[in-house]
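A.B. asks: You'll find coords22.pdb just under this line, and it carries PDB, C-alpha atoms.
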```
MODEL        1
ATOM      1  CA  MET A   8     -20.156  -6.878  -2.045
ATOM      2  CA  SER A   9     -20.232  -8.141   1.480
ATOM      3  CA  LEU A  10     -21.768  -6.058   4.203
ATOM      4  CA  ARG A  11     -19.656  -7.866   6.746
ATOM      5  CA  PRO A  12     -17.051  -5.633   8.334
ATOM      6  CA  THR A  13     -13.548  -6.576   7.201
ATOM      7  CA  GLY A  14     -11.480  -4.020   9.087
ATOM      8  CA  TYR A  15      -8.970  -4.867  11.778
ATOM      9  CA  TRP A  16      -6.861  -3.015  14.344
ATOM     10  CA  THR A  17      -3.100  -3.136  14.749
ATOM     11  CA  PRO A  18      -1.663  -1.485  17.888
ATOM     12  CA  THR A  19       1.295   0.843  17.297
ATOM     13  CA  PRO A  20       3.626   2.690  19.693
ATOM     14  CA  THR A  21       1.690   5.911  19.006
ATOM     15  CA  GLY A  22      -1.879   4.515  19.023
ATOM     16  CA  GLY A  23      -3.087   2.121  16.384
ATOM     17  CA  ASP A  24      -3.857   1.480  12.754
ATOM     18  CA  LEU A  25      -7.345   0.804  11.494
ATOM     19  CA  VAL A  26      -6.911  -1.296   8.340
ATOM     20  CA  VAL A  27      -9.574  -2.080   5.731
ATOM     21  CA  THR A  28      -8.752  -4.078   2.589
ATOM     22  CA  ARG A  29     -10.247  -4.923  -0.776
ATOM     23  CA  THR A  30      -8.902  -7.160  -3.532
ATOM     24  CA  PHE A  31      -9.483  -6.434  -7.205
ATOM     25  CA  ARG A  32      -9.128  -8.596 -10.292
ATOM     26  CA  ALA A  33      -7.204  -5.856 -12.053
ATOM     27  CA  PRO A  34      -3.606  -4.825 -12.625
ATOM     28  CA  ILE A  35      -2.014  -2.722  -9.904
ATOM     29  CA  GLU A  36      -1.583   0.262 -12.269
ATOM     30  CA  ASP A  37      -5.330   0.340 -12.971
ATOM     31  CA  VAL A  38      -6.262   0.230  -9.278
ATOM     32  CA  TRP A  39      -3.628   2.912  -8.623
ATOM     33  CA  ALA A  40      -5.340   5.125 -11.207
ATOM     34  CA  SER A  41      -8.679   4.579  -9.416
ATOM     35  CA  VAL A  42      -7.249   5.996  -6.189
ATOM     36  CA  THR A  43      -5.062   8.782  -7.594
ATOM     37  CA  GLU A  44      -6.642  10.269 -10.742
ATOM     38  CA  SER A  45      -9.199  12.967  -9.907
ATOM     39  CA  ASP A  46     -11.704  11.951 -12.588
ATOM     40  CA  ARG A  47     -11.646   8.400 -11.198
ATOM     41  CA  THR A  48     -11.663   9.304  -7.487
ATOM     42  CA  ALA A  49     -14.679  11.524  -8.253
ATOM     43  CA  ARG A  50     -16.668   8.372  -9.069
ATOM     44  CA  TRP A  51     -16.419   6.879  -5.582
ATOM     45  CA  PHE A  52     -14.803   9.277  -3.086
ATOM     46  CA  GLY A  53     -14.672  12.723  -4.593
ATOM     47  CA  PRO A  54     -12.629  14.901  -6.892
ATOM     48  CA  TRP A  55      -9.377  16.525  -5.918
ATOM     49  CA  LYS A  56      -7.349  19.430  -7.240
ATOM     50  CA  GLY A  57      -3.990  20.930  -6.413
ATOM     51  CA  ASP A  58      -0.377  19.863  -6.181
ATOM     52  CA  GLY A  59      -0.444  16.051  -6.160
ATOM     53  CA  ARG A  60       3.251  15.492  -5.521
ATOM     54  CA  PRO A  61       5.010  14.636  -2.240
ATOM     55  CA  GLY A  62       4.971  17.733  -0.045
ATOM     56  CA  GLY A  63       2.176  19.248  -2.123
ATOM     57  CA  THR A  64      -1.268  20.216  -0.915
ATOM     58  CA  ILE A  65      -4.525  19.108  -2.485
ATOM     59  CA  GLN A  66      -8.150  20.031  -1.930
ATOM     60  CA  PHE A  67     -10.732  17.238  -2.017
ATOM     61  CA  GLN A  68     -14.464  16.920  -1.657
ATOM     62  CA  MET A  69     -16.116  13.787  -0.300
ATOM     63  CA  VAL A  70     -19.075  13.529  -2.688
ATOM     64  CA  GLN A  71     -20.825  10.814  -0.711
ATOM     65  CA  GLU A  72     -21.272  13.311   2.150
ATOM     66  CA  GLU A  73     -24.230  15.569   1.446
ATOM     67  CA  GLY A  74     -23.137  19.199   1.278
ATOM     68  CA  ALA A  75     -19.516  18.342   2.069
ATOM     69  CA  PRO A  76     -17.153  21.287   1.817
ATOM     70  CA  TRP A  77     -13.767  21.130   0.159
ATOM     71  CA  SER A  78     -11.075  19.953   2.579
ATOM     72  CA  GLU A  79      -7.309  20.070   2.401
ATOM     73  CA  ALA A  80      -4.638  17.358   2.659
ATOM     74  CA  ARG A  81      -0.876  17.233   2.330
ATOM     75  CA  ILE A  82       0.711  14.493   0.233
ATOM     76  CA  GLU A  83       3.316  12.857   2.467
ATOM     77  CA  ALA A  84       4.349  10.163  -0.019
ATOM     78  CA  CYS A  85       3.446   9.156  -3.545
ATOM     79  CA  GLU A  86       5.211   6.018  -4.747
ATOM     80  CA  PRO A  87       3.366   4.765  -7.855
ATOM     81  CA  PRO A  88       1.840   2.250  -7.980
ATOM     82  CA  THR A  89       2.211   1.006  -4.409
ATOM     83  CA  ARG A  90       1.892   3.760  -1.793
ATOM     84  CA  LEU A  91       0.057   7.022  -1.260
ATOM     85  CA  ALA A  92       0.190   8.740   2.144
ATOM     86  CA  LEU A  93      -1.976  11.750   3.002
ATOM     87  CA  HIS A  94      -2.402  13.884   6.082
ATOM     88  CA  SER A  95      -5.349  16.185   6.727
ATOM     89  CA  ASP A  96      -7.115  17.634   9.738
ATOM     90  CA  MET A  97      -9.491  14.661   9.504
ATOM     91  CA  ALA A  98      -7.090  11.767   9.002
ATOM     92  CA  HIS A  99      -3.605  10.422   8.500
ATOM     93  CA  LEU A 100      -4.037   7.781   5.782
ATOM     94  CA  GLU A 101      -1.999   5.422   3.664
ATOM     95  CA  LEU A 102      -3.192   3.514   0.634
ATOM     96  CA  LEU A 103      -0.952   0.503   0.096
ATOM     97  CA  LEU A 104      -1.301  -1.558  -3.077
ATOM     98  CA  SER A 105       0.287  -4.926  -3.775
ATOM     99  CA  THR A 106      -0.004  -7.603  -6.433
ATOM    100  CA  VAL A 107      -1.717 -10.760  -5.156
ATOM    101  CA  ASP A 108      -2.900 -13.867  -7.020
ATOM    102  CA  GLY A 109      -3.126 -12.143 -10.397
ATOM    103  CA  GLY A 110      -4.935  -9.118  -8.968
ATOM    104  CA  THR A 111      -4.341  -6.202  -6.648
ATOM    105  CA  GLN A 112      -4.905  -5.826  -2.937
ATOM    106  CA  LEU A 113      -5.603  -2.349  -1.585
ATOM    107  CA  ARG A 114      -5.009  -1.749   2.112
ATOM    108  CA  LEU A 115      -6.369   1.505   3.498
ATOM    109  CA  VAL A 116      -4.533   2.284   6.738
ATOM    110  CA  HIS A 117      -5.951   4.999   8.995
ATOM    111  CA  HIS A 118      -3.284   5.897  11.563
ATOM    112  CA  LEU A 119      -4.917   6.932  14.828
ATOM    113  CA  PRO A 120      -3.429   8.366  18.034
ATOM    114  CA  GLY A 121      -5.896   6.338  20.105
ATOM    115  CA  THR A 122      -9.169   4.490  19.886
ATOM    116  CA  ASP A 123     -11.487   7.502  19.697
ATOM    117  CA  GLY A 124     -13.617   7.408  16.574
ATOM    118  CA  VAL A 125     -12.822   3.832  15.516
ATOM    119  CA  GLY A 126     -16.539   2.956  15.655
ATOM    120  CA  GLU A 127     -17.308   5.731  13.167
ATOM    121  CA  PHE A 128     -14.230   5.588  10.945
ATOM    122  CA  GLY A 129     -14.422   1.832  10.334
ATOM    123  CA  PRO A 130     -17.927   1.735   8.853
ATOM    124  CA  GLY A 131     -17.090   4.842   6.821
ATOM    125  CA  TRP A 132     -14.013   3.271   5.234
ATOM    126  CA  GLU A 133     -15.907   0.018   4.558
ATOM    127  CA  PHE A 134     -18.538   2.128   2.792
ATOM    128  CA  TYR A 135     -16.022   4.112   0.739
ATOM    129  CA  LEU A 136     -14.047   1.041  -0.334
ATOM    130  CA  ASP A 137     -17.286  -0.657  -1.382
ATOM    131  CA  ALA A 138     -18.067   2.532  -3.337
ATOM    132  CA  LEU A 139     -14.685   2.084  -5.047
ATOM    133  CA  VAL A 140     -15.618  -1.505  -5.914
ATOM    134  CA  ALA A 141     -19.001  -0.373  -7.282
ATOM    135  CA  SER A 142     -17.411   2.409  -9.356
ATOM    136  CA  ARG A 143     -14.978  -0.066 -10.909
ATOM    137  CA  ASP A 144     -17.611  -2.770 -11.483
ATOM    138  CA  GLY A 145     -20.307  -0.414 -12.769
ATOM    139  CA  THR A 146     -22.742  -1.559 -10.076
ATOM    140  CA  ALA A 147     -25.034   0.461  -7.808
ATOM    141  CA  MET A 148     -23.360   2.613  -5.181
ATOM    142  CA  PRO A 149     -23.690   1.376  -1.609
ATOM    143  CA  VAL A 150     -25.928   3.135   0.905
ATOM    144  CA  PHE A 151     -24.177   4.456   4.017
ATOM    145  CA  ASP A 152     -27.131   3.554   6.259
ATOM    146  CA  ASP A 153     -26.327  -0.117   5.532
ATOM    147  CA  TYR A 154     -22.918   0.370   7.186
ATOM    148  CA  TYR A 155     -23.585   2.668  10.087
ATOM    149  CA  PRO A 156     -24.585   2.095  12.824
ATOM    150  CA  SER A 157     -24.745  -1.662  12.126
ATOM    151  CA  MET A 158     -20.930  -2.024  11.913
ATOM    152  CA  LYS A 159     -20.111   0.330  14.766
ATOM    153  CA  ASP A 160     -19.942  -2.354  17.484
ATOM    154  CA  HIS A 161     -17.518  -4.461  15.423
ATOM    155  CA  PHE A 162     -15.085  -1.575  15.072
ATOM    156  CA  THR A 163     -15.485  -0.258  18.604
ATOM    157  CA  ALA A 164     -14.541  -3.715  19.939
ATOM    158  CA  LEU A 165     -11.406  -4.084  17.778
ATOM    159  CA  PRO A 166      -8.929  -2.200  19.991
ATOM    160  CA  THR A 167     -10.053  -4.115  23.081
ATOM    161  CA  ALA A 168     -10.204  -7.599  21.502
ATOM    162  CA  PRO A 169      -7.521 -10.088  22.600
ATOM    163  CA  ALA A 170      -4.708 -10.465  20.055
TER     164      ALA A 170
ENDMDL
END
```
Can you present the structure in this file as structure tokens?

C.D. replies:
Amino acid sequence: MSLRPTGYWTPTPTGGDLVVTRTFRAPIEDVWASVTESDRTARWFGPWKGDGRPGGTIQFQMVQEEGAPWSEARIEACEPPTRLALHSDMAHLELLLSTVDGGTQLRLVHHLPGTDGVGEFGPGWEFYLDALVASRDGTAMPVFDDYYPSMKDHFTALPTAPA
């Protein structure tokens, strides 16, 4: 795993998208299962329960956050094995999977109404996607303190960097 920030910013008419990617040497269906099946999400992000269909509501718990309560999200789209869109009080996210060079690329897109929080969200998503990598590879889980605050400046500068 690289502790270099990989995220980038794409301006949109309503704010911007913070995008963080990882590529896996695995079939798209297997990576899809890692991001949608509760027993597998529990290994790196947290378990979920509820109605996991479009329009349904789920509860999830971010296990990497000490003492994290259960939170709620609405499934906006679920298009196996390429797209999952969720909306919660904390975030509006899309997970976009595509087949690339015999593997699978996962793009996590955090839709934001502005630039507030980019310096915190970016390192957090880098951490969680590296936790996904570790859970799939059977390696040690990353340590959040290695990501934040060291990556904060990179992400804070993204929305103001020249295109």

A.B. asks: Name the residues captured by the PyMOL selection byres ((chain A and resi 80-89) around 9) when it is applied to the shown file; answer as a VMD selection string.

C.D. replies: chain A and resid 35 to 40 58 to 67 78 to 79 90 to 98 101 to 105 113

A.B. asks: Rounded to one decimal, what separation in Å do you get between atom CA of A:Pro130 and atom CA of A:Gly14?

C.D. replies: 8.6 Å

A.B. asks: Given only C-alpha atoms as the basis, pick out the residue of A:Ala75, A:Leu10, A:Val140, A:Leu165 nearest to A:Gln112.

C.D. replies: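 With only C-alpha atoms as the atom set, the closest residue is A:Val140.
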
A.B. asks: So what do you get for atom CA of A:Ser157 versus atom CA of A:Val27, distance-wise?

C.D. replies: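 Separation between atom CA of A:Ser157 and atom CA of A:Val27: 16.5 Å.
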
A.B. asks: For stretch 20-26 of chain A, list every protein, DNA or RNA residue within 10 Å, evaluated using only C-alpha atoms, and leave out those in the same chain fewer than 4 positions away; present the list as a list in words.

C.D. replies: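 What passes the distance filter is Thr13, Gly14, Tyr15, Trp16, His99, Leu100, Glu101, Leu102, Arg114, Leu115, Val116, His117, His118, Leu119, Pro120, Gly121, Thr122, Val125, Phe128, Gly129, Trp132, Glu133, Phe162, Leu165 and Pro166 of chain A.
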
A.B. asks: Take the selection from the previous step and output its residues with C-alpha atoms, as a short mmCIF file (atom, residue, chain, number, x, y, z; two decimals), in the frame of the given file.

C.D. replies:
```cif
data_model
loop_
_atom_site.label_atom_id
_atom_site.label_comp_id
_atom_site.auth_asym_id
_atom_site.auth_seq_id
_atom_site.Cartn_x
_atom_site.Cartn_y
_atom_site.Cartn_z
CA THR A 13 -13.55 -6.58 7.20
CA GLY A 14 -11.48 -4.02 9.09
CA TYR A 15 -8.97 -4.87 11.78
CA TRP A 16 -6.86 -3.02 14.34
CA HIS A 99 -3.60 10.42 8.50
CA LEU A 100 -4.04 7.78 5.78
CA GLU A 101 -2.00 5.42 3.66
CA LEU A 102 -3.19 3.51 0.63
CA ARG A 114 -5.01 -1.75 2.11
CA LEU A 115 -6.37 1.50 3.50
CA VAL A 116 -4.53 2.28 6.74
CA HIS A 117 -5.95 5.00 8.99
CA HIS A 118 -3.28 5.90 11.56
CA LEU A 119 -4.92 6.93 14.83
CA PRO A 120 -3.43 8.37 18.03
CA GLY A 121 -5.90 6.34 20.10
CA THR A 122 -9.17 4.49 19.89
CA VAL A 125 -12.82 3.83 15.52
CA PHE A 128 -14.23 5.59 10.94
CA GLY A 129 -14.42 1.83 10.33
CA TRP A 132 -14.01 3.27 5.23
CA GLU A 133 -15.91 0.02 4.56
CA PHE A 162 -15.08 -1.58 15.07
CA LEU A 165 -11.41 -4.08 17.78
CA PRO A 166 -8.93 -2.20 19.99
#
```

A.B. asks: Go through A:Thr19, A:Pro156, A:Ser45, A:Arg29 one by one, measure the shortest atom-to-atom distance of each to A:Leu136 using only C-alpha atoms, and give the residue with the smallest value.

C.D. replies: A:Arg29

A.B. asks: Measuring atom to atom with all atoms listed in the file, identify which of A:Lys56, A:His161, A:Arg32, A:Arg50 is nearest to A:Met148.

C.D. replies: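 For A:Met148, the nearest of the given residues is A:Arg50.
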
A.B. asks: Taking only C-alpha atoms into account, which of A:Val42, A:Gly57, A:Ala141, A:Gly126 comes nearest A:Tyr154?

C.D. replies: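 Closest residue, counting only C-alpha atoms: A:Gly126.
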
A.B. asks: My list of candidates is A:Thr167, A:Phe151, A:Thr111, A:Leu139. Which is closest to A:Thr48 when distances are computed with all atoms listed in the file?

C.D. replies: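 Among A:Thr167, A:Phe151, A:Thr111, A:Leu139, it is A:Leu139 that comes nearest to A:Thr48.
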
A.B. asks: Tell me, in Å to one decimal, how far atom CA of A:Ala49 is from atom CA of A:Ala147.

C.D. replies: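 These atoms are spaced 15.2 Å apart.
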
A.B. asks: Taking all atoms of stretch 112-126 of chain A that appear in the file, build a box with edges along x, y and z, extend it by 6 Å on every side, and state its centre and edge lengths in Å to one decimal, as lines of an AutoDock Vina configuration file.

C.D. replies:
```
center_x = -9.9
center_y = 1.3
center_z = 8.6
size_x = 25.3
size_y = 26.2
size_z = 35.0
```

A.B. asks: I'd like the contact shell of A:Glu73 - 12 Å cut-off, only C-alpha atoms, skipping same-chain residues fewer than 4 positions apart - returned as a ChimeraX atom specification.

C.D. replies: /A:53,68-69,77,151

A.B. asks: When you count only C-alpha atoms, which of these residues is closest to A:Val107: A:Tyr155, A:Phe31, A:Phe134, A:Trp55?

C.D. replies: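 Counting only C-alpha atoms, the residue closest to A:Val107 is A:Phe31.
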
A.B. asks: Export stretch 62-165 of chain A of the preceding structure, keeping C-alpha atoms, as an mmCIF file, in the first residue's frame.

C.D. replies:
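File part_24.cif, as written:
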```
data_model
loop_
_atom_site.group_PDB
_atom_site.id
_atom_site.type_symbol
_atom_site.label_atom_id
_atom_site.label_comp_id
_atom_site.auth_asym_id
_atom_site.auth_seq_id
_atom_site.Cartn_x
_atom_site.Cartn_y
_atom_site.Cartn_z
ATOM 1 C CA GLY A 62 -34.995 3.245 -2.427
ATOM 2 C CA GLY A 63 -34.345 1.132 0.661
ATOM 3 C CA THR A 64 -32.740 2.272 3.882
ATOM 4 C CA ILE A 65 -29.805 0.591 5.576
ATOM 5 C CA GLN A 66 -28.069 1.073 8.900
ATOM 6 C CA PHE A 67 -24.272 0.851 8.974
ATOM 7 C CA GLN A 68 -21.544 1.105 11.555
ATOM 8 C CA MET A 69 -18.060 2.344 10.713
ATOM 9 C CA VAL A 70 -15.987 -0.126 12.745
ATOM 10 C CA GLN A 71 -12.727 1.739 12.257
ATOM 11 C CA GLU A 72 -14.195 4.645 14.260
ATOM 12 C CA GLU A 73 -13.943 3.919 17.969
ATOM 13 C CA GLY A 74 -17.388 3.865 19.562
ATOM 14 C CA ALA A 75 -19.122 4.730 16.289
ATOM 15 C CA PRO A 76 -22.900 4.611 16.479
ATOM 16 C CA TRP A 77 -25.089 3.039 13.837
ATOM 17 C CA SER A 78 -25.911 5.501 11.052
ATOM 18 C CA GLU A 79 -28.505 5.424 8.314
ATOM 19 C CA ALA A 80 -28.241 5.687 4.517
ATOM 20 C CA ARG A 81 -30.657 5.454 1.620
ATOM 21 C CA ILE A 82 -29.737 3.335 -1.394
ATOM 22 C CA GLU A 83 -30.165 5.596 -4.419
ATOM 23 C CA ALA A 84 -28.925 3.075 -6.990
ATOM 24 C CA CYS A 85 -27.698 -0.497 -6.998
ATOM 25 C CA GLU A 86 -26.567 -1.727 -10.406
ATOM 26 C CA PRO A 87 -24.516 -4.911 -9.871
ATOM 27 C CA PRO A 88 -21.629 -5.136 -10.402
ATOM 28 C CA THR A 89 -20.820 -1.587 -11.491
ATOM 29 C CA ARG A 90 -22.574 1.084 -9.413
ATOM 30 C CA LEU A 91 -23.774 1.647 -5.873
ATOM 31 C CA ALA A 92 -25.025 5.094 -4.819
ATOM 32 C CA LEU A 93 -25.807 5.966 -1.197
ATOM 33 C CA HIS A 94 -27.009 9.084 0.551
ATOM 34 C CA SER A 95 -26.750 9.706 4.284
ATOM 35 C CA ASP A 96 -26.554 12.703 6.578
ATOM 36 C CA MET A 97 -22.764 12.337 6.379
ATOM 37 C CA ALA A 98 -22.214 11.828 2.660
ATOM 38 C CA HIS A 99 -23.539 11.386 -0.841
ATOM 39 C CA LEU A 100 -21.376 8.595 -2.283
ATOM 40 C CA GLU A 101 -21.040 6.475 -5.381
ATOM 41 C CA LEU A 102 -18.930 3.371 -5.768
ATOM 42 C CA LEU A 103 -18.186 2.820 -9.444
ATOM 43 C CA LEU A 104 -16.527 -0.410 -10.565
ATOM 44 C CA SER A 105 -15.088 -1.146 -13.991
ATOM 45 C CA THR A 106 -12.989 -3.874 -15.562
ATOM 46 C CA VAL A 107 -9.449 -2.718 -16.373
ATOM 47 C CA ASP A 108 -6.408 -4.686 -17.560
ATOM 48 C CA GLY A 109 -7.665 -8.026 -16.259
ATOM 49 C CA GLY A 110 -8.674 -6.572 -12.892
ATOM 50 C CA THR A 111 -11.165 -4.169 -11.390
ATOM 51 C CA GLN A 112 -10.941 -0.466 -10.705
ATOM 52 C CA LEU A 113 -13.028 0.949 -7.868
ATOM 53 C CA ARG A 114 -13.740 4.674 -7.900
ATOM 54 C CA LEU A 115 -15.219 6.102 -4.717
ATOM 55 C CA VAL A 116 -16.906 9.407 -5.560
ATOM 56 C CA HIS A 117 -17.913 11.689 -2.687
ATOM 57 C CA HIS A 118 -20.264 14.347 -4.075
ATOM 58 C CA LEU A 119 -19.838 17.592 -2.155
ATOM 59 C CA PRO A 120 -21.784 20.869 -2.303
ATOM 60 C CA GLY A 121 -18.558 22.825 -1.798
ATOM 61 C CA THR A 122 -15.013 22.477 -0.579
ATOM 62 C CA ASP A 123 -15.731 22.300 3.153
ATOM 63 C CA GLY A 124 -14.357 19.121 4.671
ATOM 64 C CA VAL A 125 -12.250 17.998 1.698
ATOM 65 C CA GLY A 126 -9.124 18.019 3.895
ATOM 66 C CA GLU A 127 -10.774 15.579 6.303
ATOM 67 C CA PHE A 128 -12.790 13.435 3.899
ATOM 68 C CA GLY A 129 -9.877 12.730 1.546
ATOM 69 C CA PRO A 130 -7.531 11.156 4.095
ATOM 70 C CA GLY A 131 -10.479 9.221 5.526
ATOM 71 C CA TRP A 132 -11.403 7.678 2.177
ATOM 72 C CA GLU A 133 -7.739 6.876 1.429
ATOM 73 C CA PHE A 134 -7.632 5.092 4.790
ATOM 74 C CA TYR A 135 -10.857 3.153 4.220
ATOM 75 C CA LEU A 136 -9.911 2.060 0.700
ATOM 76 C CA ASP A 137 -6.529 0.886 1.989
ATOM 77 C CA ALA A 138 -8.463 -1.011 4.684
ATOM 78 C CA LEU A 139 -10.433 -2.642 1.852
ATOM 79 C CA VAL A 140 -7.163 -3.619 0.162
ATOM 80 C CA ALA A 141 -5.812 -5.047 3.438
ATOM 81 C CA SER A 142 -9.019 -7.013 4.089
ATOM 82 C CA ARG A 143 -8.839 -8.560 0.621
ATOM 83 C CA ASP A 144 -5.092 -9.266 0.791
ATOM 84 C CA GLY A 145 -5.108 -10.566 4.366
ATOM 85 C CA THR A 146 -2.541 -7.966 5.435
ATOM 86 C CA ALA A 147 -2.449 -5.712 8.499
ATOM 87 C CA MET A 148 -5.075 -2.991 8.687
ATOM 88 C CA PRO A 149 -3.806 0.540 8.125
ATOM 89 C CA VAL A 150 -3.546 3.036 10.976
ATOM 90 C CA PHE A 151 -5.586 6.224 10.557
ATOM 91 C CA ASP A 152 -2.872 8.365 12.174
ATOM 92 C CA ASP A 153 -0.688 7.572 9.131
ATOM 93 C CA TYR A 154 -3.257 9.327 6.913
ATOM 94 C CA TYR A 155 -4.428 12.263 8.950
ATOM 95 C CA PRO A 156 -3.240 14.959 9.326
ATOM 96 C CA SER A 157 -0.351 14.167 6.947
ATOM 97 C CA MET A 158 -2.621 14.045 3.854
ATOM 98 C CA LYS A 159 -4.822 16.975 4.817
ATOM 99 C CA ASP A 160 -2.834 19.631 2.918
ATOM 100 C CA HIS A 161 -2.941 17.584 -0.301
ATOM 101 C CA PHE A 162 -6.725 17.366 -0.205
ATOM 102 C CA THR A 163 -7.319 20.917 0.983
ATOM 103 C CA ALA A 164 -5.315 22.193 -2.015
ATOM 104 C CA LEU A 165 -7.196 20.107 -4.611
#
```
